[in-house]
$ cat input_4.cif   # mmCIF, C-alpha atoms and all ligand atoms
data_work
loop_
_atom_site.label_atom_id
_atom_site.label_comp_id
_atom_site.auth_asym_id
_atom_site.auth_seq_id
_atom_site.Cartn_x
_atom_site.Cartn_y
_atom_site.Cartn_z
CA MET A 249 100.67 28.85 0.00
CA THR A 250 98.27 26.38 -1.52
CA SER A 251 94.62 26.85 -2.25
CA GLN A 252 92.05 26.62 0.53
CA ALA A 253 89.41 25.82 -2.07
CA THR A 254 90.87 22.42 -2.88
CA ARG A 255 92.21 19.61 -0.78
CA LEU A 256 94.24 16.57 -1.69
CA ASP A 257 94.31 13.98 1.11
CA ILE A 258 96.97 11.27 0.95
CA ASP A 259 96.52 8.35 3.32
CA LEU A 260 99.98 7.18 4.42
CA ASP A 261 98.46 4.39 6.51
CA ALA A 262 96.86 3.02 3.34
CA ILE A 263 100.19 3.20 1.49
CA ALA A 264 101.85 1.32 4.37
CA ALA A 265 99.08 -1.30 4.36
CA ASN A 266 99.46 -1.69 0.59
CA TRP A 267 103.22 -2.17 0.95
CA ARG A 268 102.67 -4.87 3.59
CA LEU A 269 100.11 -6.64 1.39
CA LEU A 270 102.58 -6.68 -1.52
CA ARG A 271 105.41 -7.81 0.74
CA ASN A 272 103.28 -10.69 2.03
CA ARG A 273 102.47 -11.73 -1.54
CA HIS A 274 106.13 -11.77 -2.45
CA GLY A 275 107.20 -14.61 -0.20
CA ALA A 276 110.82 -14.69 0.88
CA GLY A 277 112.20 -11.93 -1.37
CA ALA A 278 112.49 -8.30 -0.30
CA THR A 279 109.92 -5.72 -1.39
CA SER A 280 111.08 -2.30 -2.47
CA ALA A 281 109.09 0.87 -3.10
CA VAL A 282 109.22 2.73 -6.40
CA VAL A 283 108.87 6.44 -5.60
CA LYS A 284 109.88 8.00 -8.93
CA ALA A 285 108.04 11.06 -10.25
CA ASP A 286 107.67 12.41 -6.72
CA GLY A 287 106.08 9.21 -5.45
CA TYR A 288 103.67 9.01 -8.42
CA GLY A 289 102.65 12.59 -7.71
CA LEU A 290 101.83 12.01 -4.04
CA GLY A 291 105.13 13.13 -2.46
CA ALA A 292 108.25 10.96 -2.56
CA ILE A 293 109.64 12.19 0.75
CA PRO A 294 106.59 11.60 3.01
CA VAL A 295 105.85 8.29 1.27
CA ALA A 296 109.43 7.02 1.51
CA ARG A 297 109.83 8.15 5.12
CA ARG A 298 106.67 6.30 6.10
CA LEU A 299 107.69 3.12 4.27
CA HIS A 300 111.17 3.34 5.77
CA THR A 301 109.60 3.22 9.25
CA GLU A 302 107.57 0.18 8.07
CA GLY A 303 110.88 -1.55 7.35
CA CYS A 304 111.25 -0.90 3.61
CA ARG A 305 114.98 -0.80 2.79
CA HIS A 306 115.00 -0.55 -1.01
CA PHE A 307 113.82 2.52 -2.92
CA PHE A 308 113.80 3.31 -6.63
CA VAL A 309 113.57 6.65 -8.42
CA ALA A 310 114.20 7.41 -12.10
CA HIS A 311 116.69 10.32 -11.98
CA LEU A 312 119.76 11.30 -10.00
CA THR A 313 118.13 14.60 -8.97
CA GLU A 314 115.23 12.67 -7.43
CA ALA A 315 117.67 10.44 -5.58
CA LEU A 316 119.71 13.36 -4.23
CA ALA A 317 116.55 14.91 -2.76
CA LEU A 318 115.48 11.65 -1.15
CA ARG A 319 118.86 10.37 0.08
CA PRO A 320 118.81 11.95 3.59
CA HIS A 321 115.27 10.65 4.27
CA VAL A 322 115.99 6.92 3.88
CA PRO A 323 119.17 6.37 5.92
CA GLY A 324 120.85 3.04 5.38
CA ALA A 325 118.48 1.99 2.62
CA LEU A 326 119.37 1.13 -0.97
CA LEU A 327 118.41 4.06 -3.19
CA ALA A 328 118.69 3.31 -6.91
CA THR A 329 118.17 5.26 -10.15
CA LEU A 330 116.20 3.24 -12.70
CA ASN A 331 117.23 5.40 -15.65
CA GLY A 332 120.89 4.62 -15.02
CA LEU A 333 124.05 6.61 -15.47
CA TRP A 334 124.03 9.66 -17.66
CA PRO A 335 127.60 10.49 -18.76
CA GLY A 336 129.19 12.43 -15.90
CA ASP A 337 126.73 11.17 -13.25
CA ALA A 338 128.95 8.41 -11.86
CA ARG A 339 130.77 10.73 -9.47
CA ASP A 340 127.58 12.04 -7.83
CA HIS A 341 126.12 8.56 -7.54
CA ALA A 342 129.23 7.29 -5.76
CA ALA A 343 129.66 10.39 -3.60
CA HIS A 344 126.07 10.25 -2.31
CA GLU A 345 125.64 6.48 -2.01
CA ILE A 346 123.13 6.30 -4.82
CA VAL A 347 123.16 3.05 -6.74
CA PRO A 348 122.77 3.14 -10.52
CA VAL A 349 120.80 0.60 -12.49
CA LEU A 350 123.31 -0.06 -15.27
CA GLY A 351 121.64 -0.56 -18.60
CA SER A 352 124.41 -0.64 -21.20
CA LEU A 353 128.06 -1.63 -21.61
CA ALA A 354 128.97 2.06 -21.64
CA GLU A 355 127.35 2.54 -18.23
CA ILE A 356 129.15 -0.53 -16.89
CA THR A 357 132.45 0.94 -18.08
CA ALA A 358 131.69 4.32 -16.51
CA TRP A 359 130.84 2.71 -13.16
CA ALA A 360 133.86 0.37 -13.23
CA ASP A 361 136.08 3.39 -13.98
CA GLU A 362 134.57 5.26 -11.02
CA ALA A 363 135.27 2.24 -8.79
CA ALA A 364 138.88 2.16 -9.99
CA ARG A 365 139.25 5.89 -9.32
CA ARG A 366 138.01 5.40 -5.79
CA ASP A 367 139.93 2.18 -5.36
CA ARG A 368 136.92 0.42 -3.87
CA ALA A 369 134.07 -1.78 -5.09
CA LEU A 370 130.87 0.10 -5.96
CA PRO A 371 127.39 -1.45 -5.83
CA ALA A 372 125.07 -1.55 -8.85
CA LEU A 373 122.05 -3.23 -10.33
CA LEU A 374 122.26 -4.59 -13.84
CA HIS A 375 119.26 -4.19 -16.15
CA VAL A 376 118.76 -6.82 -18.84
CA ASP A 377 116.24 -6.05 -21.61
CA THR A 378 113.96 -9.04 -22.20
CA GLY A 379 111.44 -7.45 -24.55
CA MET A 380 110.67 -3.87 -23.59
CA ASN A 381 113.29 -2.53 -26.03
CA ARG A 382 113.67 0.59 -23.99
CA LEU A 383 116.50 0.36 -21.44
CA GLY A 384 118.81 -2.41 -20.36
CA LEU A 385 121.43 -4.59 -22.06
CA ASP A 386 120.17 -5.92 -25.39
CA SER A 387 121.03 -9.47 -26.45
CA GLN A 388 124.24 -8.43 -28.21
CA GLU A 389 125.55 -6.46 -25.24
CA LEU A 390 124.53 -9.29 -22.95
CA ALA A 391 126.54 -11.76 -25.04
CA VAL A 392 129.60 -9.48 -24.85
CA LEU A 393 129.28 -9.18 -21.09
CA CYS A 394 128.83 -12.94 -20.58
CA ASP A 395 131.96 -13.42 -22.68
CA GLN A 396 133.93 -10.74 -20.82
CA PRO A 397 132.69 -10.77 -17.21
CA GLU A 398 135.89 -8.90 -16.25
CA ARG A 399 134.07 -5.77 -17.44
CA LEU A 400 132.29 -5.96 -14.07
CA GLN A 401 135.59 -5.67 -12.19
CA GLY A 402 135.14 -3.37 -9.20
CA ILE A 403 131.34 -3.56 -9.43
CA ARG A 404 129.43 -5.29 -6.66
CA LEU A 405 126.38 -6.71 -8.44
CA LEU A 406 123.47 -6.38 -5.98
CA TYR A 407 120.74 -7.54 -8.38
CA VAL A 408 120.20 -8.45 -11.99
CA MET A 409 116.82 -7.08 -13.04
CA THR A 410 114.41 -6.93 -15.94
CA HIS A 411 111.03 -5.25 -16.49
CA LEU A 412 107.86 -6.88 -17.80
CA VAL A 413 106.00 -5.51 -20.80
CA SER A 414 102.40 -6.59 -20.04
CA PRO A 415 102.16 -7.97 -16.51
CA GLU A 416 98.61 -6.63 -16.08
CA LEU A 417 97.51 -9.06 -18.85
CA PRO A 418 98.08 -12.47 -17.26
CA GLY A 419 97.09 -14.29 -20.46
CA ASP A 420 99.71 -12.55 -22.60
CA PRO A 421 102.42 -15.10 -23.57
CA VAL A 422 105.04 -12.33 -23.51
CA ASN A 423 105.17 -12.70 -19.69
CA ARG A 424 106.40 -16.29 -19.85
CA ALA A 425 108.75 -15.50 -22.73
CA GLN A 426 110.35 -12.69 -20.72
CA LEU A 427 110.65 -14.91 -17.66
CA ASP A 428 112.46 -17.55 -19.74
CA ARG A 429 114.79 -14.97 -21.31
CA PHE A 430 115.53 -13.48 -17.90
CA GLN A 431 116.36 -16.86 -16.38
CA ARG A 432 118.67 -17.69 -19.28
CA ALA A 433 120.42 -14.31 -18.95
CA CYS A 434 120.88 -14.72 -15.19
CA ALA A 435 122.33 -18.20 -15.66
CA ALA A 436 124.93 -16.85 -18.10
CA LEU A 437 125.91 -13.85 -15.96
CA PRO A 438 127.99 -13.88 -12.78
CA ALA A 439 125.79 -15.11 -9.92
CA ALA A 440 123.70 -12.36 -8.29
CA PRO A 441 120.23 -12.03 -6.75
CA HIS A 442 117.33 -11.29 -9.15
CA SER A 443 114.73 -8.53 -9.30
CA LEU A 444 111.67 -9.02 -11.52
CA ALA A 445 108.09 -8.10 -10.67
CA ALA A 446 106.60 -4.61 -10.35
CA SER A 447 103.00 -4.17 -9.10
CA SER A 448 101.10 -6.36 -11.56
CA GLY A 449 103.90 -8.92 -11.84
CA LEU A 450 103.34 -9.76 -8.17
CA PHE A 451 99.91 -11.09 -9.17
CA LEU A 452 101.18 -13.35 -11.97
CA GLY A 453 102.09 -16.28 -9.73
CA GLU A 454 104.98 -17.70 -7.81
CA ALA A 455 107.24 -18.06 -10.85
CA TYR A 456 107.46 -14.27 -10.95
CA ARG A 457 108.76 -13.92 -7.42
CA SER A 458 112.37 -12.87 -7.11
CA ASP A 459 114.83 -11.61 -4.53
CA LEU A 460 113.51 -8.06 -4.86
CA SER A 461 110.13 -6.88 -6.17
CA ARG A 462 109.68 -3.30 -7.42
CA PRO A 463 106.07 -2.16 -6.94
CA GLY A 464 105.02 1.42 -7.52
CA ALA A 465 101.43 1.87 -8.73
CA ALA A 466 99.78 -0.61 -6.34
CA LEU A 467 101.33 1.16 -3.34
CA TYR A 468 99.35 4.23 -4.35
CA GLY A 469 96.07 2.32 -4.64
CA LEU A 470 95.98 1.73 -8.40
CA ASN A 471 94.55 -1.66 -9.36
CA PRO A 472 97.35 -4.09 -10.30
CA THR A 473 94.74 -6.57 -11.61
CA PRO A 474 92.60 -4.56 -14.06
CA GLY A 475 89.22 -6.16 -14.75
CA GLN A 476 89.23 -7.82 -11.34
CA PRO A 477 88.45 -6.37 -7.92
CA ASN A 478 91.17 -4.04 -6.66
CA PRO A 479 93.03 -5.69 -3.77
CA MET A 480 94.69 -2.40 -2.75
CA ARG A 481 93.44 0.21 -0.32
CA PRO A 482 92.50 3.60 -1.78
CA VAL A 483 95.07 6.30 -1.00
CA VAL A 484 93.99 9.56 -2.63
CA ARG A 485 91.02 11.81 -2.07
CA LEU A 486 90.65 15.07 -4.01
CA ARG A 487 87.95 17.56 -3.09
CA ALA A 488 87.14 21.08 -4.20
CA ARG A 489 84.78 23.70 -2.87
CA VAL A 490 82.18 25.33 -5.04
CA LEU A 491 83.20 28.93 -5.86
CA GLN A 492 79.95 30.06 -7.46
CA VAL A 493 76.63 28.60 -8.54
CA ARG A 494 75.08 30.01 -11.71
CA GLU A 495 71.45 29.70 -12.79
CA ILE A 496 71.10 29.52 -16.56
CA GLY A 497 68.11 29.16 -18.84
CA ALA A 498 67.40 26.41 -21.35
CA GLY A 499 69.50 26.94 -24.49
CA GLU A 500 72.36 28.72 -22.73
CA ARG A 501 75.88 27.33 -23.08
CA VAL A 502 78.73 26.80 -20.59
CA GLY A 503 82.45 27.47 -20.87
CA TYR A 504 84.93 27.87 -23.75
CA ASN A 505 83.41 27.27 -27.17
CA GLY A 506 80.05 26.53 -25.57
CA ILE A 507 80.38 22.79 -26.07
CA TRP A 508 77.59 22.09 -23.56
CA GLN A 509 74.10 23.50 -23.93
CA ALA A 510 71.45 23.40 -21.20
CA GLU A 511 68.29 21.55 -22.20
CA ARG A 512 66.40 22.91 -19.21
CA ARG A 513 66.81 25.60 -16.61
CA SER A 514 70.07 24.54 -14.90
CA ARG A 515 72.35 25.27 -11.98
CA ILE A 516 76.07 25.23 -12.77
CA ALA A 517 78.63 24.82 -9.96
CA THR A 518 82.20 26.03 -10.60
CA VAL A 519 85.28 24.70 -8.75
CA SER A 520 88.97 25.78 -8.79
CA VAL A 521 90.41 22.71 -10.47
CA GLY A 522 91.51 22.64 -14.09
CA TYR A 523 93.91 21.01 -16.47
CA ALA A 524 96.83 22.95 -14.97
CA ASP A 525 96.17 20.85 -11.86
CA GLY A 526 96.34 17.62 -13.85
CA TYR A 527 92.57 17.43 -14.17
CA SER A 528 92.57 16.34 -17.78
CA ARG A 529 90.97 18.43 -20.50
CA HIS A 530 89.76 15.10 -21.91
CA LEU A 531 87.21 15.14 -19.08
CA SER A 532 85.38 18.00 -20.84
CA ASN A 533 81.64 17.04 -21.07
CA ASN A 534 82.77 13.67 -19.79
CA GLY A 535 83.92 13.76 -16.15
CA GLN A 536 81.91 13.79 -12.96
CA ALA A 537 82.09 14.89 -9.35
CA PHE A 538 80.19 13.51 -6.37
CA PHE A 539 78.14 15.37 -3.80
CA ASP A 540 76.92 13.33 -0.85
CA GLY A 541 77.51 10.22 -2.93
CA ALA A 542 75.48 11.41 -5.93
CA PRO A 543 77.17 12.06 -9.31
CA LEU A 544 77.18 15.53 -10.89
CA PRO A 545 78.15 15.53 -14.58
CA LEU A 546 81.03 17.75 -15.66
CA VAL A 547 79.62 20.09 -18.29
CA GLY A 548 81.53 22.16 -20.83
CA ARG A 549 85.28 22.33 -21.21
CA VAL A 550 87.72 21.79 -18.40
CA SER A 551 89.70 25.03 -18.45
CA MET A 552 93.13 25.78 -17.01
CA ASP A 553 92.00 26.62 -13.49
CA LEU A 554 88.28 25.84 -13.41
CA SER A 555 85.74 23.13 -14.06
CA THR A 556 81.94 23.29 -14.15
CA PHE A 557 79.37 20.73 -12.98
CA ASP A 558 75.62 20.39 -13.49
CA ALA A 559 74.10 20.70 -10.01
CA THR A 560 70.51 21.17 -11.19
CA ASP A 561 69.26 18.11 -9.31
CA HIS A 562 71.17 18.99 -6.14
CA PRO A 563 69.79 22.14 -4.53
CA ALA A 564 72.11 21.71 -1.54
CA VAL A 565 75.15 22.40 -3.75
CA ALA A 566 75.92 26.01 -2.84
CA PRO A 567 79.06 28.16 -2.72
CA GLY A 568 81.45 26.62 -0.20
CA ALA A 569 80.07 23.08 -0.56
CA TRP A 570 82.68 20.37 -1.10
CA LEU A 571 82.55 18.25 -4.24
CA ASP A 572 84.46 14.97 -4.40
CA LEU A 573 86.58 14.81 -7.53
CA MET A 574 88.65 11.70 -6.85
CA GLY A 575 88.63 8.94 -4.28
CA ASP A 576 85.03 9.10 -3.11
CA GLY A 577 82.69 7.76 -5.79
CA GLN A 578 85.40 7.27 -8.40
CA THR A 579 88.93 5.94 -8.28
CA PRO A 580 91.92 7.37 -10.17
CA ASP A 581 91.58 4.32 -12.46
CA ASP A 582 87.92 5.27 -13.18
CA ILE A 583 88.93 8.83 -14.05
CA ALA A 584 91.73 7.50 -16.25
CA ARG A 585 89.24 5.45 -18.28
CA ARG A 586 87.12 8.54 -18.91
CA ALA A 587 90.18 10.61 -19.81
CA GLY A 588 91.63 7.96 -22.13
CA THR A 589 94.76 7.30 -20.09
CA ASN A 590 95.88 5.16 -17.14
CA GLY A 591 95.80 5.73 -13.40
CA TYR A 592 99.57 6.30 -13.40
CA GLU A 593 99.19 9.40 -15.53
CA VAL A 594 96.23 10.67 -13.48
CA LEU A 595 98.29 10.47 -10.25
CA THR A 596 101.61 11.74 -11.59
CA ARG A 597 99.94 14.82 -13.08
CA LEU A 598 98.23 15.90 -9.84
CA GLY A 599 99.26 19.51 -9.50
CA HIS A 600 100.99 21.41 -6.75
CA ARG A 601 98.34 24.04 -6.11
CA PHE A 602 96.29 21.59 -4.07
CA GLY A 603 96.51 21.79 -0.32
CA ARG A 604 98.17 18.39 0.26
CA ARG A 605 97.33 16.80 3.57
CA TYR A 606 98.99 13.63 4.78
CA LEU A 607 96.90 11.33 6.94
CA PRO A 608 97.17 10.48 9.71
CA GLY A 609 98.08 14.13 10.38
C1 LIG B 701 108.13 2.30 -12.89
C2 LIG B 701 108.86 1.01 -12.78
C3 LIG B 701 108.49 0.07 -11.81
C4 LIG B 701 107.21 0.20 -10.99
O1 LIG B 701 106.13 -0.23 -11.82
P1 LIG B 701 104.61 -0.25 -11.28
O2 LIG B 701 103.84 -0.79 -12.43
O3 LIG B 701 104.24 1.17 -10.98
O4 LIG B 701 104.55 -1.10 -10.07
C5 LIG B 701 109.30 -1.03 -11.62
N1 LIG B 701 110.42 -1.22 -12.39
C6 LIG B 701 110.78 -0.35 -13.36
C7 LIG B 701 111.98 -0.63 -14.17
C8 LIG B 701 110.01 0.78 -13.59
O5 LIG B 701 110.36 1.62 -14.56
#

$ encode --input "input_4.cif" --output "structure tokens"
Amino acid sequence: MTSQATRLDIDLDAIAANWRLLRNRHGAGATSAVVKADGYGLGAIPVARRLHTEGCRHFFVAHLTEALALRPHVPGALLATLNGLWPGDARDHAAHEIVPVLGSLAEITAWADEAARRDRALPALLHVDTGMNRLGLDSQELAVLCDQPERLQGIRLLYVMTHLVSPELPGDPVNRAQLDRFQRACAALPAAPHSLAASSGLFLGEAYRSDLSRPGAALYGLNPTPGQPNPMRPVVRLRARVLQVREIGAGERVGYNGIWQAERRSRIATVSVGYADGYSRHLSNNGQAFFDGAPLPLVGRVSMDLSTFDATDHPAVAPGAWLDLMGDGQTPDDIARRAGTNGYEVLTRLGHRFGRRYLPG
């Protein structure tokens, strides 16, 4: 059972429209969908099923456990694990037709061994690190592999991929440097299709197109071009009903530690959303909700299960009234700015006590 006092609406039509927009930007190459972290908090299974019916045939998650849960819902599609092969995971990948993104010589060896055990070629992506310094073959491992391509024996290389460090900053020279490094790496490796851009990379220009793009955030309505108008359709709407309205006098304080003090006689509206629902505690004295399009400041601390808003100027705000917390009036990116984080974190933290509703129903 989820709460009747909150509602999280997720617009699958908007996600589908966003996927088509990104696909059309990408030219001839295929467009995948990154649905890691439960589809950026929105539900990997409903999102992937919808995109599968749109024609999406490439899906990425981070972990094997995520892939195992999703595998039956995207029949025939490539389903790959970005975080690669943990020791011992090769068997489950092969048994369930989950494709690892290989990011080290050790992972290549483990996958080649699995192929030999099964006496058949196994598909994989190969991740080359071009500047993130996080996952993927570093320059030394890349040199070894280019020298000894027989290490890939038994591995069917579907794509060579890399990941950009700052694609949302088009003026950052690291983008071009990574592109150059990637092209040099691909030229030295056995021939295979390439995979490069995620959401923001698709807006860097034609040079960043590849055989397979990997957008996540933009599918879910986050702005891939910060500082410029958002080309994506909004996807998420979070609302909560007012539980109680409190009248307090001037000088009274609200919530833990009394960090907000009323300067006048005030009406305080309380809703059942708190930091346990991913509604950041950094929004204390700093967030806002909307009622009929008008902003109500969040006053006092966000607590675990509750937040409080100043409804003094809105006499129609009464118990049972719906306040808009996300989507109407403010985007996840707007909330992220107030909370000192990014829209990715705002979405992936959305809790599971909300009544999730997928539109169209
Ligand atoms: C998360 C991730 C993506 C998707 O990035 P977005 O910015 O959400 O589009 C693509 N590739 C890799 C390797 C990732 O880790």

$ residues_around --input "input_4.cif" --residues "stretch 252-269 of chain A" --least-positions-apart "3" --cutoff "8 Å" --atoms "all atoms listed in the file" --output "number ranges by chain"
A: 272-273, 279, 281, 290, 295, 298-299, 302, 466-469, 480-491, 519-521, 602-608

$ write_last_selection --input "input_4.cif" --atoms "C-alpha atoms" --output "CSV table (one decimal), keeping the file's coordinate frame"
chain,number,residue,atom,x,y,z
A,272,ASN,CA,103.3,-10.7,2.0
A,273,ARG,CA,102.5,-11.7,-1.5
A,279,THR,CA,109.9,-5.7,-1.4
A,281,ALA,CA,109.1,0.9,-3.1
A,290,LEU,CA,101.8,12.0,-4.0
A,295,VAL,CA,105.8,8.3,1.3
A,298,ARG,CA,106.7,6.3,6.1
A,299,LEU,CA,107.7,3.1,4.3
A,302,GLU,CA,107.6,0.2,8.1
A,466,ALA,CA,99.8,-0.6,-6.3
A,467,LEU,CA,101.3,1.2,-3.3
A,468,TYR,CA,99.4,4.2,-4.4
A,469,GLY,CA,96.1,2.3,-4.6
A,480,MET,CA,94.7,-2.4,-2.8
A,481,ARG,CA,93.4,0.2,-0.3
A,482,PRO,CA,92.5,3.6,-1.8
A,483,VAL,CA,95.1,6.3,-1.0
A,484,VAL,CA,94.0,9.6,-2.6
A,485,ARG,CA,91.0,11.8,-2.1
A,486,LEU,CA,90.6,15.1,-4.0
A,487,ARG,CA,88.0,17.6,-3.1
A,488,ALA,CA,87.1,21.1,-4.2
A,489,ARG,CA,84.8,23.7,-2.9
A,490,VAL,CA,82.2,25.3,-5.0
A,491,LEU,CA,83.2,28.9,-5.9
A,519,VAL,CA,85.3,24.7,-8.8
A,520,SER,CA,89.0,25.8,-8.8
A,521,VAL,CA,90.4,22.7,-10.5
A,602,PHE,CA,96.3,21.6,-4.1
A,603,GLY,CA,96.5,21.8,-0.3
A,604,ARG,CA,98.2,18.4,0.3
A,605,ARG,CA,97.3,16.8,3.6
A,606,TYR,CA,99.0,13.6,4.8
A,607,LEU,CA,96.9,11.3,6.9
A,608,PRO,CA,97.2,10.5,9.7

$ closest_atom_pairs --input "input_4.cif" --of "chain A" --to "ligand LIG 701 (chain B)" --cutoff "9 Å" --atoms "all atoms listed in the file" --output "CSV"
residue,atom,partner,partner_atom,distance
A:Ala281,CA,B:LIG701,C4,8.1
A:Val282,CA,B:LIG701,C4,5.6
A:Val283,CA,B:LIG701,C4,8.4
A:Lys284,CA,B:LIG701,C1,7.2
A:Tyr288,CA,B:LIG701,O3,8.3
A:Phe308,CA,B:LIG701,C5,8.0
A:Val309,CA,B:LIG701,C1,8.3
A:Ala310,CA,B:LIG701,O5,7.4
A:Leu330,CA,B:LIG701,C7,5.9
A:Asn331,CA,B:LIG701,O5,7.9
A:His375,CA,B:LIG701,C7,8.3
A:Leu383,CA,B:LIG701,C7,8.6
A:Met409,CA,B:LIG701,C7,8.1
A:Thr410,CA,B:LIG701,C7,7.0
A:His411,CA,B:LIG701,C7,5.3
A:Leu412,CA,B:LIG701,N1,8.2
A:Pro415,CA,B:LIG701,O2,8.4
A:Glu416,CA,B:LIG701,O2,8.6
A:Leu444,CA,B:LIG701,N1,7.9
A:Ala445,CA,B:LIG701,C5,7.2
A:Ala446,CA,B:LIG701,O4,4.1
A:Ser447,CA,B:LIG701,O4,3.6
A:Ser448,CA,B:LIG701,O2,6.3
A:Gly449,CA,B:LIG701,O4,8.0
A:Leu450,CA,B:LIG701,O4,8.9
A:Ser461,CA,B:LIG701,C5,8.0
A:Arg462,CA,B:LIG701,C5,4.8
A:Pro463,CA,B:LIG701,O4,3.6
A:Gly464,CA,B:LIG701,O3,3.6
A:Ala465,CA,B:LIG701,O3,3.7
A:Ala466,CA,B:LIG701,O4,6.1
A:Leu467,CA,B:LIG701,O4,7.8
A:Tyr468,CA,B:LIG701,O3,8.8
A:Leu470,CA,B:LIG701,O3,8.7
A:Pro472,CA,B:LIG701,O2,7.6
A:Tyr592,CA,B:LIG701,O3,7.3

$ atom_distance --input "input_4.cif" --atom1 "atom CA of A:Arg513" --atom2 "atom CA of A:Ile496"
5.8 Å

$ atom_distance --input "input_4.cif" --atom1 "atom CA of A:Pro545" --atom2 "atom CA of A:Phe557"
5.6 Å

$ closest_atom_pairs --input "input_4.cif" --of "stretch 385-455 of chain A" --to "stretch 337-352 of chain A" --cutoff "12 Å" --atoms "all atoms listed in the file" --output "Markdown table"
| residue | atom | partner | partner_atom | distance |
| --- | --- | --- | --- | --- |
| A:Leu385 | CA | A:Ser352 | CA | 5.0 |
| A:Asp386 | CA | A:Ser352 | CA | 8.0 |
| A:Ser387 | CA | A:Ser352 | CA | 10.8 |
| A:Gln388 | CA | A:Ser352 | CA | 10.5 |
| A:Glu389 | CA | A:Ser352 | CA | 7.2 |
| A:Leu390 | CA | A:Ser352 | CA | 8.8 |
| A:Ala391 | CA | A:Ser352 | CA | 12.0 |
| A:Val392 | CA | A:Ser352 | CA | 10.9 |
| A:Leu393 | CA | A:Ser352 | CA | 9.8 |
| A:Arg399 | CA | A:Ser352 | CA | 11.6 |
| A:Leu400 | CA | A:Leu350 | CA | 10.8 |
| A:Ile403 | CA | A:Leu350 | CA | 10.5 |
| A:Arg404 | CA | A:Val347 | CA | 10.4 |
| A:Leu405 | CA | A:Leu350 | CA | 10.0 |
| A:Leu406 | CA | A:Val347 | CA | 9.5 |
| A:Tyr407 | CA | A:Val349 | CA | 9.1 |
| A:Val408 | CA | A:Val349 | CA | 9.1 |
| A:Met409 | CA | A:Val349 | CA | 8.7 |
| A:Thr410 | CA | A:Gly351 | CA | 10.0 |
| A:His411 | CA | A:Gly351 | CA | 11.8 |
| A:Ser443 | CA | A:Val349 | CA | 11.4 |

$ residues_around --input "input_4.cif" --residues "A:His274" --least-positions-apart "3" --cutoff "9 Å" --atoms "all atoms listed in the file" --output "JSON, numbers by chain"
{"A": [269, 270, 271, 277, 278, 279, 450, 454, 456, 457, 458, 459, 460, 461]}

$ atom_distance --input "input_4.cif" --atom1 "atom CA of A:Arg501" --atom2 "atom CA of A:Ala564"
22.6 Å

$ build_atoms --input "input_4.cif" --residues "stretch 405-417 of chain A" --atoms "N, CA and C atoms" --output "PDB file, keeping the file's coordinate frame"
ATOM      1  N   LEU A 405     127.680  -6.542  -7.796  1.00  0.00           N
ATOM      2  CA  LEU A 405     126.380  -6.710  -8.440  1.00  0.00           C
ATOM      3  C   LEU A 405     125.341  -7.082  -7.380  1.00  0.00           C
ATOM      4  N   LEU A 406     124.479  -6.111  -7.020  1.00  0.00           N
ATOM      5  CA  LEU A 406     123.470  -6.380  -5.980  1.00  0.00           C
ATOM      6  C   LEU A 406     122.318  -7.200  -6.539  1.00  0.00           C
ATOM      7  N   TYR A 407     121.856  -6.837  -7.731  1.00  0.00           N
ATOM      8  CA  TYR A 407     120.740  -7.540  -8.380  1.00  0.00           C
ATOM      9  C   TYR A 407     120.907  -7.462  -9.883  1.00  0.00           C
ATOM     10  N   VAL A 408     120.468  -8.517 -10.553  1.00  0.00           N
ATOM     11  CA  VAL A 408     120.200  -8.450 -11.990  1.00  0.00           C
ATOM     12  C   VAL A 408     118.706  -8.302 -12.135  1.00  0.00           C
ATOM     13  N   MET A 409     118.255  -7.327 -12.933  1.00  0.00           N
ATOM     14  CA  MET A 409     116.820  -7.080 -13.040  1.00  0.00           C
ATOM     15  C   MET A 409     116.361  -6.999 -14.489  1.00  0.00           C
ATOM     16  N   THR A 410     115.042  -7.225 -14.657  1.00  0.00           N
ATOM     17  CA  THR A 410     114.410  -6.930 -15.940  1.00  0.00           C
ATOM     18  C   THR A 410     113.016  -6.385 -15.642  1.00  0.00           C
ATOM     19  N   HIS A 411     112.341  -5.889 -16.677  1.00  0.00           N
ATOM     20  CA  HIS A 411     111.030  -5.250 -16.490  1.00  0.00           C
ATOM     21  C   HIS A 411     110.045  -5.850 -17.476  1.00  0.00           C
ATOM     22  N   LEU A 412     108.858  -6.196 -16.974  1.00  0.00           N
ATOM     23  CA  LEU A 412     107.860  -6.880 -17.800  1.00  0.00           C
ATOM     24  C   LEU A 412     107.048  -5.889 -18.638  1.00  0.00           C
ATOM     25  N   VAL A 413     106.689  -6.342 -19.823  1.00  0.00           N
ATOM     26  CA  VAL A 413     106.000  -5.510 -20.800  1.00  0.00           C
ATOM     27  C   VAL A 413     104.493  -5.411 -20.508  1.00  0.00           C
ATOM     28  N   SER A 414     103.872  -6.539 -20.168  1.00  0.00           N
ATOM     29  CA  SER A 414     102.400  -6.590 -20.040  1.00  0.00           C
ATOM     30  C   SER A 414     101.953  -7.387 -18.821  1.00  0.00           C
ATOM     31  N   PRO A 415     102.496  -7.107 -17.659  1.00  0.00           N
ATOM     32  CA  PRO A 415     102.160  -7.970 -16.510  1.00  0.00           C
ATOM     33  C   PRO A 415     100.704  -7.852 -16.074  1.00  0.00           C
ATOM     34  N   GLU A 416     100.006  -6.768 -16.474  1.00  0.00           N
ATOM     35  CA  GLU A 416      98.610  -6.630 -16.080  1.00  0.00           C
ATOM     36  C   GLU A 416      97.698  -7.485 -16.963  1.00  0.00           C
ATOM     37  N   LEU A 417      98.262  -8.150 -17.975  1.00  0.00           N
ATOM     38  CA  LEU A 417      97.510  -9.060 -18.850  1.00  0.00           C
ATOM     39  C   LEU A 417      98.041 -10.466 -18.623  1.00  0.00           C
TER      40      LEU A 417
END
